[in-house]
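Enquirer: Contents of input.pdb (PDB, C-alpha atoms):
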```pdb
ATOM      1  CA  MET A   1      41.815 -10.958 -43.168
ATOM      2  CA  ALA A   2      40.933 -13.164 -46.097
ATOM      3  CA  THR A   3      38.675 -12.005 -48.913
ATOM      4  CA  SER A   4      36.235 -14.815 -48.180
ATOM      5  CA  GLU A   5      35.644 -13.376 -44.707
ATOM      6  CA  PHE A   6      34.556 -10.055 -46.126
ATOM      7  CA  PHE A   7      32.636 -10.405 -49.354
ATOM      8  CA  LEU A   8      29.968 -12.406 -51.125
ATOM      9  CA  PRO A   9      30.761 -13.588 -54.668
ATOM     10  CA  LEU A  10      28.746 -12.078 -57.498
ATOM     11  CA  LEU A  11      26.478 -14.660 -59.116
ATOM     12  CA  LEU A  12      25.845 -12.418 -62.131
ATOM     13  CA  ASP A  13      29.022 -11.158 -63.794
ATOM     14  CA  GLN A  14      27.507 -10.010 -67.091
ATOM     15  CA  GLU A  15      25.008  -7.246 -67.807
ATOM     16  CA  ASP A  16      21.339  -8.154 -67.410
ATOM     17  CA  LYS A  17      19.333  -6.176 -69.973
ATOM     18  CA  THR A  18      16.134  -6.717 -67.983
ATOM     19  CA  SER A  19      17.392  -5.215 -64.712
ATOM     20  CA  PRO A  20      19.067  -1.796 -64.727
ATOM     21  CA  LEU A  21      18.976  -1.801 -60.925
ATOM     22  CA  ALA A  22      20.916  -5.078 -60.746
ATOM     23  CA  ASN A  23      23.463  -3.773 -63.258
ATOM     24  CA  CYS A  24      24.056  -0.639 -61.200
ATOM     25  CA  ILE A  25      24.442  -2.569 -57.942
ATOM     26  CA  ARG A  26      26.775  -5.061 -59.626
ATOM     27  CA  ASN A  27      29.062  -2.356 -60.980
ATOM     28  CA  ASN A  28      29.161  -0.510 -57.665
ATOM     29  CA  TYR A  29      29.864  -3.692 -55.713
ATOM     30  CA  ARG A  30      32.661  -4.800 -58.031
ATOM     31  CA  HIS A  31      34.464  -1.519 -57.455
ATOM     32  CA  LEU A  32      33.793  -1.300 -53.730
ATOM     33  CA  ARG A  33      34.816  -4.819 -52.782
ATOM     34  CA  LYS A  34      38.285  -4.174 -54.253
ATOM     35  CA  TRP A  35      38.510  -1.005 -52.198
ATOM     36  CA  GLY A  36      37.134  -2.880 -49.187
ATOM     37  CA  ASN A  37      39.845  -5.539 -49.438
ATOM     38  CA  ARG A  38      42.556  -2.892 -49.477
ATOM     39  CA  THR A  39      41.110  -0.971 -46.534
ATOM     40  CA  LYS A  40      39.742  -3.886 -44.468
ATOM     41  CA  THR A  41      36.213  -2.481 -44.706
ATOM     42  CA  ASN A  42      33.167  -4.697 -45.166
ATOM     43  CA  CYS A  43      30.329  -2.223 -44.679
ATOM     44  CA  PHE A  44      29.496   0.299 -47.395
ATOM     45  CA  ARG A  45      26.720   1.629 -49.644
ATOM     46  CA  ILE A  46      26.225  -0.387 -52.836
ATOM     47  CA  TYR A  47      23.377   1.699 -54.251
ATOM     48  CA  ASP A  48      22.622   5.362 -53.562
ATOM     49  CA  ARG A  49      19.508   6.389 -55.510
ATOM     50  CA  ASP A  50      21.583   6.220 -58.694
ATOM     51  CA  ILE A  51      18.534   5.634 -60.913
ATOM     52  CA  LYS A  52      15.585   7.988 -60.355
ATOM     53  CA  GLU A  53      13.042   5.205 -60.950
ATOM     54  CA  TYR A  54      14.470   3.367 -57.931
ATOM     55  CA  PRO A  55      14.585   5.861 -55.012
ATOM     56  CA  LEU A  56      16.375   3.518 -52.635
ATOM     57  CA  ALA A  57      19.654   3.321 -50.779
ATOM     58  CA  ILE A  58      21.169  -0.113 -50.127
ATOM     59  CA  ASP A  59      23.936  -0.701 -47.616
ATOM     60  CA  PHE A  60      26.066  -3.836 -47.433
ATOM     61  CA  TYR A  61      27.032  -5.088 -43.982
ATOM     62  CA  ASP A  62      29.240  -8.172 -44.238
ATOM     63  CA  GLY A  63      26.780 -10.300 -46.220
ATOM     64  CA  ARG A  64      23.637  -8.544 -45.003
ATOM     65  CA  PHE A  65      21.735  -5.857 -46.872
ATOM     66  CA  CYS A  66      19.918  -2.854 -45.430
ATOM     67  CA  VAL A  67      17.475  -1.313 -47.918
ATOM     68  CA  HIS A  68      16.286   2.232 -47.166
ATOM     69  CA  TYR A  69      13.242   3.590 -48.932
ATOM     70  CA  PHE A  70      12.233   7.231 -48.715
ATOM     71  CA  THR A  71       8.749   8.620 -48.390
ATOM     72  CA  SER A  72       7.273  11.995 -47.479
ATOM     73  CA  SER A  73       4.040  10.419 -46.300
ATOM     74  CA  ARG A  74       3.914   9.251 -42.699
ATOM     75  CA  GLU A  75       1.099   6.878 -43.632
ATOM     76  CA  GLU A  76       3.193   5.209 -46.326
ATOM     77  CA  ASN A  77       5.489   3.106 -44.161
ATOM     78  CA  GLU A  78       5.791   0.205 -46.589
ATOM     79  CA  PRO A  79       7.720   0.361 -49.890
ATOM     80  CA  ARG A  80       5.811   0.372 -53.156
ATOM     81  CA  GLU A  81       5.338  -3.140 -54.453
ATOM     82  CA  ASP A  82       7.334  -2.456 -57.618
ATOM     83  CA  LEU A  83      10.288  -1.061 -55.622
ATOM     84  CA  TYR A  84      10.227  -4.002 -53.242
ATOM     85  CA  GLU A  85      10.119  -6.559 -56.039
ATOM     86  CA  ALA A  86      12.852  -4.795 -58.045
ATOM     87  CA  ALA A  87      15.232  -4.615 -55.105
ATOM     88  CA  MET A  88      14.592  -8.154 -53.907
ATOM     89  CA  SER A  89      14.977  -9.498 -57.444
ATOM     90  CA  ALA A  90      18.243  -7.607 -58.002
ATOM     91  CA  LEU A  91      19.805  -8.729 -54.702
ATOM     92  CA  THR A  92      18.700 -12.323 -55.284
ATOM     93  CA  LEU A  93      20.041 -12.297 -58.827
ATOM     94  CA  LEU A  94      23.422 -10.932 -57.711
ATOM     95  CA  PHE A  95      23.982 -12.569 -54.322
ATOM     96  CA  ASN A  96      21.109 -14.991 -53.577
ATOM     97  CA  PRO A  97      21.156 -14.162 -49.844
ATOM     98  CA  PRO A  98      18.638 -15.724 -47.451
ATOM     99  CA  LEU A  99      15.564 -13.530 -47.046
ATOM    100  CA  LYS A 100      16.450 -12.928 -43.398
ATOM    101  CA  ALA A 101      19.662 -11.227 -44.550
ATOM    102  CA  ILE A 102      17.728  -8.421 -46.281
ATOM    103  CA  TYR A 103      16.390  -5.688 -43.997
ATOM    104  CA  TRP A 104      14.052  -2.866 -44.988
ATOM    105  CA  LYS A 105      13.874   0.528 -43.276
ATOM    106  CA  ALA A 106      11.477   3.399 -43.958
ATOM    107  CA  ARG A 107      12.968   6.895 -44.047
ATOM    108  CA  ILE A 108      10.023   9.158 -43.293
ATOM    109  CA  LYS A 109      10.154  12.915 -42.846
ATOM    110  CA  ARG A 110       9.224  13.445 -39.218
ATOM    111  CA  GLU A 111       7.509  16.322 -37.476
ATOM    112  CA  ARG A 112       9.657  18.537 -35.212
ATOM    113  CA  THR A 113       8.328  16.956 -32.052
ATOM    114  CA  GLU A 114       8.576  13.337 -33.210
ATOM    115  CA  GLN A 115      11.395  11.109 -32.054
ATOM    116  CA  TYR A 116      12.690   7.894 -33.555
ATOM    117  CA  GLU A 117      11.879   5.106 -31.129
ATOM    118  CA  LYS A 118      13.127   1.563 -30.810
ATOM    119  CA  THR A 119      11.408  -0.464 -33.525
ATOM    120  CA  ASP A 120      12.054  -4.047 -32.416
ATOM    121  CA  ASP A 121      13.675  -6.114 -29.687
ATOM    122  CA  THR A 122      15.521  -8.891 -31.497
ATOM    123  CA  ASP A 123      19.014  -8.125 -30.125
ATOM    124  CA  GLU A 124      20.510  -9.250 -33.444
ATOM    125  CA  PHE A 125      23.931  -7.687 -33.017
ATOM    126  CA  PHE A 126      26.897  -8.617 -35.198
ATOM    127  CA  TYR A 127      30.335  -7.267 -36.120
ATOM    128  CA  VAL A 128      31.599  -5.370 -39.153
ATOM    129  CA  PHE A 129      34.960  -3.807 -39.980
ATOM    130  CA  GLU A 130      35.773  -0.252 -41.032
ATOM    131  CA  TYR A 131      39.419   0.397 -41.883
ATOM    132  CA  GLY A 132      40.224  -2.663 -39.791
ATOM    133  CA  VAL A 133      38.321  -1.395 -36.732
ATOM    134  CA  ARG A 134      35.601  -3.653 -35.358
ATOM    135  CA  PHE A 135      32.125  -2.224 -34.726
ATOM    136  CA  ILE A 136      28.898  -3.703 -33.425
ATOM    137  CA  VAL A 137      25.798  -3.089 -35.550
ATOM    138  CA  ASN A 138      22.124  -3.976 -35.413
ATOM    139  CA  LEU A 139      19.889  -3.807 -38.498
ATOM    140  CA  THR A 140      16.576  -4.617 -36.851
ATOM    141  CA  ASP A 141      15.962  -2.890 -33.537
ATOM    142  CA  TYR A 142      16.594   0.781 -34.380
ATOM    143  CA  LEU A 143      16.135   3.071 -37.354
ATOM    144  CA  ASP A 144      19.910   3.602 -37.440
ATOM    145  CA  THR A 145      22.342   0.708 -37.314
ATOM    146  CA  GLY A 146      24.934   1.874 -34.778
ATOM    147  CA  LEU A 147      27.403   3.096 -37.409
ATOM    148  CA  PHE A 148      26.798   6.085 -39.696
ATOM    149  CA  LEU A 149      28.527   4.965 -42.890
ATOM    150  CA  ASP A 150      28.538   8.459 -44.403
ATOM    151  CA  HIS A 151      31.015   9.645 -41.740
ATOM    152  CA  ARG A 152      33.631   6.978 -42.493
ATOM    153  CA  GLU A 153      36.128   9.503 -43.875
ATOM    154  CA  THR A 154      35.307  12.092 -41.204
ATOM    155  CA  ARG A 155      36.292   9.513 -38.600
ATOM    156  CA  GLN A 156      39.636   9.072 -40.340
ATOM    157  CA  ILE A 157      40.243  12.826 -40.343
ATOM    158  CA  VAL A 158      39.395  13.137 -36.653
ATOM    159  CA  ALA A 159      41.472  10.104 -35.693
ATOM    160  CA  LYS A 160      44.579  11.453 -37.445
ATOM    161  CA  LEU A 161      44.138  14.872 -35.821
ATOM    162  CA  ALA A 162      43.786  13.225 -32.398
ATOM    163  CA  LYS A 163      46.955  11.120 -32.521
ATOM    164  CA  GLY A 164      48.897  11.818 -29.344
ATOM    165  CA  LYS A 165      46.207  14.279 -28.231
ATOM    166  CA  ARG A 166      43.004  14.606 -26.204
ATOM    167  CA  LEU A 167      39.630  14.234 -27.934
ATOM    168  CA  LEU A 168      36.152  15.342 -26.885
ATOM    169  CA  ASN A 169      33.349  13.643 -28.845
ATOM    170  CA  LEU A 170      29.934  15.292 -28.392
ATOM    171  CA  PHE A 171      26.674  13.592 -29.418
ATOM    172  CA  ALA A 172      28.895  10.527 -29.538
ATOM    173  CA  TYR A 173      26.189   7.974 -30.448
ATOM    174  CA  THR A 174      28.066   4.626 -30.262
ATOM    175  CA  CYS A 175      31.508   6.288 -29.928
ATOM    176  CA  SER A 176      32.876   5.394 -33.366
ATOM    177  CA  PHE A 177      34.876   8.647 -33.650
ATOM    178  CA  SER A 178      36.479   7.956 -30.286
ATOM    179  CA  VAL A 179      37.247   4.300 -31.002
ATOM    180  CA  HIS A 180      39.055   5.185 -34.230
ATOM    181  CA  ALA A 181      40.957   7.969 -32.462
ATOM    182  CA  SER A 182      42.024   5.728 -29.603
ATOM    183  CA  LEU A 183      43.289   3.057 -31.981
ATOM    184  CA  GLN A 184      45.284   5.684 -33.875
ATOM    185  CA  GLY A 185      47.025   6.831 -30.723
ATOM    186  CA  ALA A 186      44.861   9.422 -28.975
ATOM    187  CA  LEU A 187      46.091   9.931 -25.420
ATOM    188  CA  PHE A 188      42.580  10.372 -24.033
ATOM    189  CA  THR A 189      38.997  10.450 -25.330
ATOM    190  CA  LYS A 190      35.771  11.555 -23.705
ATOM    191  CA  SER A 191      32.474  10.663 -25.395
ATOM    192  CA  VAL A 192      29.206  12.317 -24.341
ATOM    193  CA  ASP A 193      25.679  11.223 -25.280
ATOM    194  CA  LEU A 194      22.314  11.355 -23.524
ATOM    195  CA  SER A 195      21.205   7.844 -24.520
ATOM    196  CA  ASN A 196      21.860   4.999 -22.116
ATOM    197  CA  THR A 197      21.464   2.519 -24.988
ATOM    198  CA  TYR A 198      24.134   4.193 -27.120
ATOM    199  CA  THR A 199      26.604   4.851 -24.311
ATOM    200  CA  GLU A 200      26.481   1.160 -23.389
ATOM    201  CA  TRP A 201      26.860   0.279 -27.072
ATOM    202  CA  GLY A 202      29.871   2.594 -27.195
ATOM    203  CA  ARG A 203      31.501   0.827 -24.254
ATOM    204  CA  GLU A 204      31.142  -2.464 -26.095
ATOM    205  CA  ASN A 205      32.737  -0.946 -29.206
ATOM    206  CA  PHE A 206      35.797  -0.004 -27.150
ATOM    207  CA  LEU A 207      36.010  -3.380 -25.458
ATOM    208  CA  THR A 208      35.614  -5.393 -28.679
ATOM    209  CA  ASN A 209      38.705  -3.570 -29.981
ATOM    210  CA  ASP A 210      40.641  -4.408 -26.789
ATOM    211  CA  LEU A 211      40.675  -0.768 -25.697
ATOM    212  CA  SER A 212      40.663   0.155 -22.028
ATOM    213  CA  LEU A 213      37.935   2.450 -20.762
ATOM    214  CA  LYS A 214      40.382   3.998 -18.293
ATOM    215  CA  ASN A 215      41.552   6.600 -20.809
ATOM    216  CA  ASN A 216      38.371   6.482 -22.879
ATOM    217  CA  LEU A 217      35.625   7.944 -20.733
ATOM    218  CA  ILE A 218      31.964   7.702 -21.707
ATOM    219  CA  ILE A 219      29.560  10.196 -20.148
ATOM    220  CA  ARG A 220      25.793   9.877 -20.270
ATOM    221  CA  GLU A 221      24.519  13.449 -20.233
ATOM    222  CA  ASP A 222      22.759  16.138 -22.254
ATOM    223  CA  CYS A 223      25.594  17.682 -24.297
ATOM    224  CA  LEU A 224      24.295  21.222 -23.761
ATOM    225  CA  LYS A 225      24.307  20.802 -19.995
ATOM    226  CA  PHE A 226      27.690  19.064 -20.150
ATOM    227  CA  LEU A 227      29.209  22.026 -21.991
ATOM    228  CA  GLU A 228      27.857  24.491 -19.436
ATOM    229  CA  LYS A 229      29.985  22.986 -16.679
ATOM    230  CA  GLU A 230      32.901  21.281 -18.475
ATOM    231  CA  ARG A 231      36.337  22.797 -17.760
ATOM    232  CA  THR A 232      38.734  20.193 -19.186
ATOM    233  CA  ILE A 233      40.806  21.364 -22.155
ATOM    234  CA  TYR A 234      40.990  19.288 -25.372
ATOM    235  CA  ASP A 235      43.122  19.323 -28.508
ATOM    236  CA  VAL A 236      40.387  18.038 -30.818
ATOM    237  CA  ILE A 237      36.628  18.412 -30.430
ATOM    238  CA  VAL A 238      34.103  16.781 -32.753
ATOM    239  CA  ILE A 239      30.467  17.905 -32.685
ATOM    240  CA  ASP A 240      28.038  15.903 -34.829
ATOM    241  CA  PRO A 241      24.569  16.652 -33.446
ATOM    242  CA  PRO A 242      21.169  15.450 -34.685
ATOM    243  CA  THR A 243      19.040  17.883 -36.648
ATOM    244  CA  ILE A 244      16.188  17.754 -34.136
ATOM    245  CA  SER A 245      16.031  15.862 -30.875
ATOM    246  CA  ARG A 246      13.832  15.689 -27.837
ATOM    247  CA  SER A 247      13.902  13.487 -24.770
ATOM    248  CA  LYS A 248      12.219  13.285 -21.391
ATOM    249  CA  LYS A 249      15.697  13.886 -19.975
ATOM    250  CA  MET A 250      16.055  17.161 -21.907
ATOM    251  CA  GLU A 251      14.571  20.561 -21.228
ATOM    252  CA  GLY A 252      12.790  21.503 -24.440
ATOM    253  CA  ILE A 253      13.772  20.495 -27.972
ATOM    254  CA  PHE A 254      17.279  20.479 -29.416
ATOM    255  CA  ASP A 255      17.417  22.173 -32.830
ATOM    256  CA  VAL A 256      20.797  22.257 -34.569
ATOM    257  CA  GLN A 257      20.019  25.555 -36.326
ATOM    258  CA  GLU A 258      19.192  27.269 -33.055
ATOM    259  CA  ASP A 259      21.753  25.589 -30.822
ATOM    260  CA  TYR A 260      24.883  25.372 -32.972
ATOM    261  CA  PRO A 261      26.266  28.814 -31.939
ATOM    262  CA  PHE A 262      26.381  27.769 -28.295
ATOM    263  CA  LEU A 263      27.911  24.387 -29.152
ATOM    264  CA  ILE A 264      30.714  25.913 -31.190
ATOM    265  CA  GLU A 265      31.334  28.861 -28.828
ATOM    266  CA  ARG A 266      31.693  26.600 -25.796
ATOM    267  CA  GLY A 267      33.717  24.096 -27.796
ATOM    268  CA  LEU A 268      36.169  26.812 -28.800
ATOM    269  CA  GLU A 269      36.539  27.818 -25.156
ATOM    270  CA  LEU A 270      37.602  24.251 -24.342
ATOM    271  CA  LEU A 271      40.220  24.050 -27.122
ATOM    272  CA  ALA A 272      43.908  23.968 -26.261
ATOM    273  CA  PRO A 273      46.270  26.276 -28.196
ATOM    274  CA  GLY A 274      46.627  24.845 -31.698
ATOM    275  CA  GLY A 275      43.434  22.828 -31.256
ATOM    276  CA  THR A 276      40.844  21.957 -33.878
ATOM    277  CA  LEU A 277      37.051  21.725 -33.789
ATOM    278  CA  ILE A 278      35.122  19.642 -36.328
ATOM    279  CA  PHE A 279      31.431  20.445 -36.694
ATOM    280  CA  SER A 280      29.044  18.444 -38.886
ATOM    281  CA  THR A 281      25.345  18.248 -39.654
ATOM    282  CA  ASN A 282      23.098  16.307 -42.027
ATOM    283  CA  SER A 283      20.418  18.999 -41.998
ATOM    284  CA  ARG A 284      19.643  20.056 -45.579
ATOM    285  CA  GLU A 285      18.240  23.421 -44.440
ATOM    286  CA  PHE A 286      21.141  24.299 -42.125
ATOM    287  CA  THR A 287      22.768  27.715 -42.595
ATOM    288  CA  PHE A 288      26.215  28.382 -41.117
ATOM    289  CA  ASP A 289      26.600  32.045 -40.179
ATOM    290  CA  LYS A 290      30.364  32.547 -40.166
ATOM    291  CA  SER A 291      29.964  36.119 -38.961
ATOM    292  CA  LEU A 292      29.177  34.700 -35.517
ATOM    293  CA  PHE A 293      32.773  33.487 -35.285
ATOM    294  CA  GLU A 294      34.856  36.362 -36.628
ATOM    295  CA  ASP A 295      37.872  35.329 -34.548
ATOM    296  CA  CYS A 296      38.000  31.947 -36.277
ATOM    297  CA  THR A 297      39.152  30.503 -39.564
ATOM    298  CA  ILE A 298      36.376  28.222 -40.841
ATOM    299  CA  LEU A 299      37.081  25.689 -43.571
ATOM    300  CA  ASP A 300      34.308  23.786 -45.345
ATOM    301  CA  ILE A 301      35.715  20.238 -45.542
ATOM    302  CA  SER A 302      32.502  18.571 -46.715
ATOM    303  CA  LYS A 303      33.970  17.250 -49.978
ATOM    304  CA  LYS A 304      36.823  15.557 -48.096
ATOM    305  CA  THR A 305      34.381  13.801 -45.775
ATOM    306  CA  ILE A 306      31.965  12.278 -48.329
ATOM    307  CA  PRO A 307      32.897   8.594 -48.897
ATOM    308  CA  LEU A 308      33.313   7.229 -52.427
ATOM    309  CA  ASP A 309      30.233   4.997 -52.047
ATOM    310  CA  PHE A 310      27.913   7.923 -51.254
ATOM    311  CA  HIS A 311      26.880   9.464 -54.553
ATOM    312  CA  ASN A 312      24.618  11.985 -52.843
ATOM    313  CA  GLN A 313      27.108  14.750 -52.085
ATOM    314  CA  LYS A 314      24.637  16.467 -49.741
ATOM    315  CA  ILE A 315      24.407  13.595 -47.252
ATOM    316  CA  HIS A 316      26.125  15.825 -44.694
ATOM    317  CA  ARG A 317      28.231  18.970 -44.378
ATOM    318  CA  ALA A 318      31.335  19.451 -42.238
ATOM    319  CA  TRP A 319      33.571  22.330 -41.162
ATOM    320  CA  GLN A 320      37.010  22.516 -39.560
ATOM    321  CA  ILE A 321      37.335  25.499 -37.207
ATOM    322  CA  PHE A 322      40.498  27.113 -35.810
ATOM    323  CA  PRO A 323      40.825  30.204 -33.611
ATOM    324  CA  LYS A 324      42.520  32.844 -35.787
ATOM    325  CA  ARG A 325      45.060  33.780 -33.162
ATOM    326  CA  GLU A 326      46.529  30.312 -33.600
ATOM    327  CA  MET A 327      46.595  30.510 -37.400
ATOM    328  CA  ASP A 328      48.679  33.735 -37.520
TER
END
```
So, in terms of structure tokens, how does the structure I just supplied come out?

Expert:
Amino acid sequence: MATSEFFLPLLLDQEDKTSPLANCIRNNYRHLRKWGNRTKTNCFRIYDRDIKEYPLAIDFYDGRFCVHYFTSSREENEPREDLYEAAMSALTLLFNPPLKAIYWKARIKRERTEQYEKTDDTDEFFYVFEYGVRFIVNLTDYLDTGLFLDHRETRQIVAKLAKGKRLLNLFAYTCSFSVHASLQGALFTKSVDLSNTYTEWGRENFLTNDLSLKNNLIIREDCLKFLEKERTIYDVIVIDPPTISRSKKMEGIFDVQEDYPFLIERGLELLAPGGTLIFSTNSREFTFDKSLFEDCTILDISKKTIPLDFHNQKIHRAWQIFPKREMD
């Protein structure tokens, strides 16, 4: 794939003394586009709250920009005027994209019982590449885009573990873990998610990579209920649940802190000898009680899973779990 297919040229090569935000984005982008060329990746974070005066995160998606601003006030759903002007000025100075190529998203701390709903109905879907794998994203209709960029390296870890093996992907979202695994030689994948929107999106992600759905099953179901009745054995299981979730299709509210013991216990029961379970969460308050799993070896692999473009090292945490009897 040619460089011109992946990246926009920088219009400002030298430091701009009037715009520290533009300088930071420029330096990050210079570094990341070289990495992106080597890895065939054209979606990554070009600014991650690096300067405290600019509490924003900016993601690059093949010539489009998704700007996240963070607020603790549910009434404050528009960025401050100075933040908006600074970000728009910096992106224009560096790339001069059309205004329609810059998308803004509010990251608001929600109440326990609130759920992120669909925000628009534009159906503006397009393709990006991650390590040469094609994914469908949408920057307008949902709070999240269809691809969690912070789990790029976690997907690589899971895919390598699953080569020649059977993978179960719980809370699969748009099936990106499973797509990577299938392309790296997984014998079989099963992806489970309660959302009809995301399971359909996942099917399209498989098909756009010319992968058959025959050996890549997608199940629309509550993961807790699925685990209660599932009896198939897997070599690799990945569990990446939301922090809090509720749905009309669910009984009660899912809370990762309350429900993770059941998820891991049942996952371990479905592991083949020599199997591996990967558990991850982006909850800042989450506490992992290892004493609940005394028969397991639990490795904190968080540092290995944080991508180079995410400067916030607490974006998520991840653990690799093995039954001890198989580590002896």

Enquirer: Can you pull out the residues contacting Pro261 of chain A? Cut-off 10 Å, using all atoms listed in the file, and skip same-chain residues under 6 positions away; I want them as a PDB file with C-alpha atoms, in the coordinates of the input.

Expert:
```pdb
ATOM      1  CA  GLY A 267      33.717  24.096 -27.796  1.00  0.00           C
ATOM      2  CA  PHE A 288      26.215  28.382 -41.117  1.00  0.00           C
ATOM      3  CA  ASP A 289      26.600  32.045 -40.179  1.00  0.00           C
ATOM      4  CA  LYS A 290      30.364  32.547 -40.166  1.00  0.00           C
ATOM      5  CA  LEU A 292      29.177  34.700 -35.517  1.00  0.00           C
ATOM      6  CA  PHE A 293      32.773  33.487 -35.285  1.00  0.00           C
TER       7      PHE A 293
END
```

Enquirer: List the residues selected by the PyMOL selection byres ((chain A and resi 198) around 9) in the file shown, writing them as a PyMOL selection string.

Expert: chain A and resi 146+172-175+193-197+199-203

Enquirer: Report as a PDB file with C-alpha atoms, keeping the file's coordinate frame all protein, DNA and RNA residues lying within 10 Å of Phe177 of chain A, evaluated on all atoms listed in the file, omitting residues in the same chain fewer than 6 positions from it.

Expert:
```pdb
ATOM      1  CA  HIS A 151      31.015   9.645 -41.740  1.00  0.00           C
ATOM      2  CA  ARG A 152      33.631   6.978 -42.493  1.00  0.00           C
ATOM      3  CA  THR A 154      35.307  12.092 -41.204  1.00  0.00           C
ATOM      4  CA  ARG A 155      36.292   9.513 -38.600  1.00  0.00           C
ATOM      5  CA  GLN A 156      39.636   9.072 -40.340  1.00  0.00           C
ATOM      6  CA  ILE A 157      40.243  12.826 -40.343  1.00  0.00           C
ATOM      7  CA  VAL A 158      39.395  13.137 -36.653  1.00  0.00           C
ATOM      8  CA  ALA A 159      41.472  10.104 -35.693  1.00  0.00           C
ATOM      9  CA  LEU A 167      39.630  14.234 -27.934  1.00  0.00           C
ATOM     10  CA  LEU A 168      36.152  15.342 -26.885  1.00  0.00           C
ATOM     11  CA  ASN A 169      33.349  13.643 -28.845  1.00  0.00           C
ATOM     12  CA  LEU A 170      29.934  15.292 -28.392  1.00  0.00           C
ATOM     13  CA  THR A 189      38.997  10.450 -25.330  1.00  0.00           C
ATOM     14  CA  SER A 191      32.474  10.663 -25.395  1.00  0.00           C
ATOM     15  CA  VAL A 238      34.103  16.781 -32.753  1.00  0.00           C
TER      16      VAL A 238
END
```

Enquirer: To one decimal place, how far is atom CA of Ile253 of chain A from atom CA of Lys225 of chain A in Å?

Expert: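 A separation of 13.2 Å between them.
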
Enquirer: Atom CA of Ile233 of chain A and atom CA of Leu211 of chain A are how many Å apart?

Expert: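 One can read the atom CA of Ile233 of chain A to atom CA of Leu211 of chain A distance as 22.4 Å.
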
Enquirer: Atom CA of Phe254 of chain A and atom CA of Asp240 of chain A are how many Å apart?

Expert: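 Going from atom CA of Phe254 of chain A over to atom CA of Asp240 of chain A, I get 12.9 Å.
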